[in-house]
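First comes the structure, then the notes that go with it.
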Amino acid sequence: MPVHLVVAITDQGWFEHLRHRQDLPEINFWAPSGAPFKALAAGEVFLFKLHSPHNYIVGGGIFAYANVLPCSLAWEAFTQANGSETQEEMRRRIAHYRRSDPHDRSDFLIGCRILTEPFFLEESDWIPVPRSWPINTQTLKRYSTDEADGLSLWEAVQSHLRGSTEYGIREPRMRFGEPTLIRPRLGQGAFRIMVTDSYNRRCAVTRERTLPALDAAHIRPYAEGGAHEPENGLLLRKDIHSLYDAGYVTVTPDLRFEVSPRIREEFENGREYYALHGTSISPPDLPSRRPDQAALAWHNEHRFRS
């Protein structure tokens, strides 16, 4: 089965900022418009090249997920992994490409292509774009490994990354042999965005949909064995997320919201939360994204202040 690769033109400032950050587990290759991205499946290869006349592929990563986000949420999720030192610098760059007033304070919607295990090649290792690269392309081109140029790209990238940690790949994940999908190792930013989308951008408990007020909560914390996977996440209003992490509220394996009596005992408050006690949460529509019952049971047993 063929594997697809995308070669996309990168912003020079984005590239220069990130090429020296080999420690990042994920990056956000953003597009200034909110156009959807459907060129790759999770686990396929996303490569980036410099602007003409520098027609070289200079790095890439494993494609994990794509969606359209307000730039403020993209910054919260990925901070400097957006390729900018500050949020204001990122906004100015977006405004430049959108040909907007640089003082426009709109929360621009941008296309986000989340890449895991990013790598940046040394200049001596830059890969020339294939001959089939359209010279007037302004965005990207998709290749397939069942075609000569696509297979050549796959092999060239493997050749540079084979058995090496020099470029940011922690182990030789792109192995020689038949091209195959590579399961992305999700990071904190990808986790946040995927959980947000899984719950249709609404709090699982209150149905609040004001994005700046929402957080992706780990059911079982990453530091205690939980994974950055959607099934280990709940989208919660920020105050409920804080209470969840502190153990004052929980979600049971049968997806009911429970509130600890400790809120009343310790803070003489909590009327709004007790009004939600016993209600059913609204889980994701996709069965594969629904909260993991074992993780919920872990939170009930190890975190909840019953």
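Naming works like this for the structure tokens: A, B, ... for the chains as they're shown, residue 1 at the start of each chain, ligands 1 onward in shown order.
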Inset, instruction - Find the residues around Phe78 (chain A) up to 10 Å (only C-alpha atoms counted), leave out those fewer than 6 positions away in its own chain, and share them as a PyMOL selection string. - result: chain A and resi 26-28+114+187-190+192-193
For the residues in that selection, give me N, CA and C atoms as a PDB file, in the first residue's frame.
```
ATOM      1  N   GLU A  26       7.141  17.949  19.099  1.00  0.00           N
ATOM      2  CA  GLU A  26       6.104  18.241  18.121  1.00  0.00           C
ATOM      3  C   GLU A  26       6.215  19.710  17.728  1.00  0.00           C
ATOM      4  N   ILE A  27       5.741  20.021  16.530  1.00  0.00           N
ATOM      5  CA  ILE A  27       5.712  21.394  16.058  1.00  0.00           C
ATOM      6  C   ILE A  27       4.408  21.635  15.311  1.00  0.00           C
ATOM      7  N   ASN A  28       4.057  22.907  15.185  1.00  0.00           N
ATOM      8  CA  ASN A  28       2.863  23.278  14.444  1.00  0.00           C
ATOM      9  C   ASN A  28       3.281  23.996  13.161  1.00  0.00           C
ATOM     10  N   ILE A 114      -0.091  19.465  12.596  1.00  0.00           N
ATOM     11  CA  ILE A 114       0.715  19.081  13.753  1.00  0.00           C
ATOM     12  C   ILE A 114       1.647  17.938  13.357  1.00  0.00           C
ATOM     13  N   GLY A 187       2.204  14.611  21.386  1.00  0.00           N
ATOM     14  CA  GLY A 187       2.700  15.426  22.477  1.00  0.00           C
ATOM     15  C   GLY A 187       1.558  16.155  23.152  1.00  0.00           C
ATOM     16  N   GLN A 188       1.915  17.035  24.088  1.00  0.00           N
ATOM     17  CA  GLN A 188       0.915  17.763  24.862  1.00  0.00           C
ATOM     18  C   GLN A 188       0.033  18.634  23.967  1.00  0.00           C
ATOM     19  N   GLY A 189       0.640  19.318  22.989  1.00  0.00           N
ATOM     20  CA  GLY A 189      -0.142  20.194  22.127  1.00  0.00           C
ATOM     21  C   GLY A 189      -1.129  19.427  21.276  1.00  0.00           C
ATOM     22  N   ALA A 190      -0.660  18.346  20.633  1.00  0.00           N
ATOM     23  CA  ALA A 190      -1.557  17.527  19.809  1.00  0.00           C
ATOM     24  C   ALA A 190      -2.669  16.942  20.664  1.00  0.00           C
ATOM     25  N   ARG A 192      -4.005  18.237  23.340  1.00  0.00           N
ATOM     26  CA  ARG A 192      -4.989  19.272  23.654  1.00  0.00           C
ATOM     27  C   ARG A 192      -5.922  19.519  22.477  1.00  0.00           C
ATOM     28  N   ILE A 193      -5.371  19.612  21.282  1.00  0.00           N
ATOM     29  CA  ILE A 193      -6.185  19.926  20.124  1.00  0.00           C
ATOM     30  C   ILE A 193      -7.118  18.762  19.775  1.00  0.00           C
TER      31      ILE A 193
END
```
Can you build me a table of region 272-295 of chain A residues sitting at most 7 Å from region 203-214 of chain A, with the closest atom pair per residue and its distance in Å to one decimal, using only C-alpha atoms, sorted by chain and residue number, as CSV?
```
residue,atom,partner,partner_atom,distance
A:Ile281,CA,A:Val205,CA,5.0
A:Ser282,CA,A:Ala204,CA,4.9
A:Pro283,CA,A:Ala204,CA,6.5
```
Legend entry - Counting only C-alpha atoms, the residue of A:Asn269, A:Ser106, A:Gln293, A:Asn55 that sits nearest Pro253 (chain A):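 Among the listed residues, the smallest separation from Pro253 (chain A) belongs to A:Gln293.
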Inset, instruction - Determine, counting only C-alpha atoms, which protein, DNA and RNA residues have an atom within 10 Å of an atom of region 245-248 of chain A; residues of the same chain fewer than 5 positions away are not included. Present the result as a list in words. - result: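 So the residues in contact are Ala217, His218, Ile219, Arg220, Pro221, Ile240, Glu258, Val259, Ser260, Pro261, Arg262, Ile263, Tyr273, His299, Asn300, His302, Arg303, Phe304, Arg305 and Ser306 of chain A.
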Legend entry - Å distance separating CA of Leu121 (chain A) from CA of Gln22 (chain A), one decimal place: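 CA of Gln22 (chain A) lies 10.5 Å from CA of Leu121 (chain A).
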Legend entry - Counting only C-alpha atoms, the residue of A:Asp125, A:Glu224, A:Glu229, A:Glu85 that sits nearest Thr196 (chain A): A:Glu229
Legend entry - CA of Ala77 (chain A) to CA of Val195 (chain A), straight-line distance in Å: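 A separation of 11.7 Å between them.
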Inset, instruction - Mind the document's chain letters and residue numbers, and return as an MDAnalysis selection string the residues of region 38-76 of chain A that DSSP labels alpha helix (DSSP H). - result: chainID A and resid 71:76
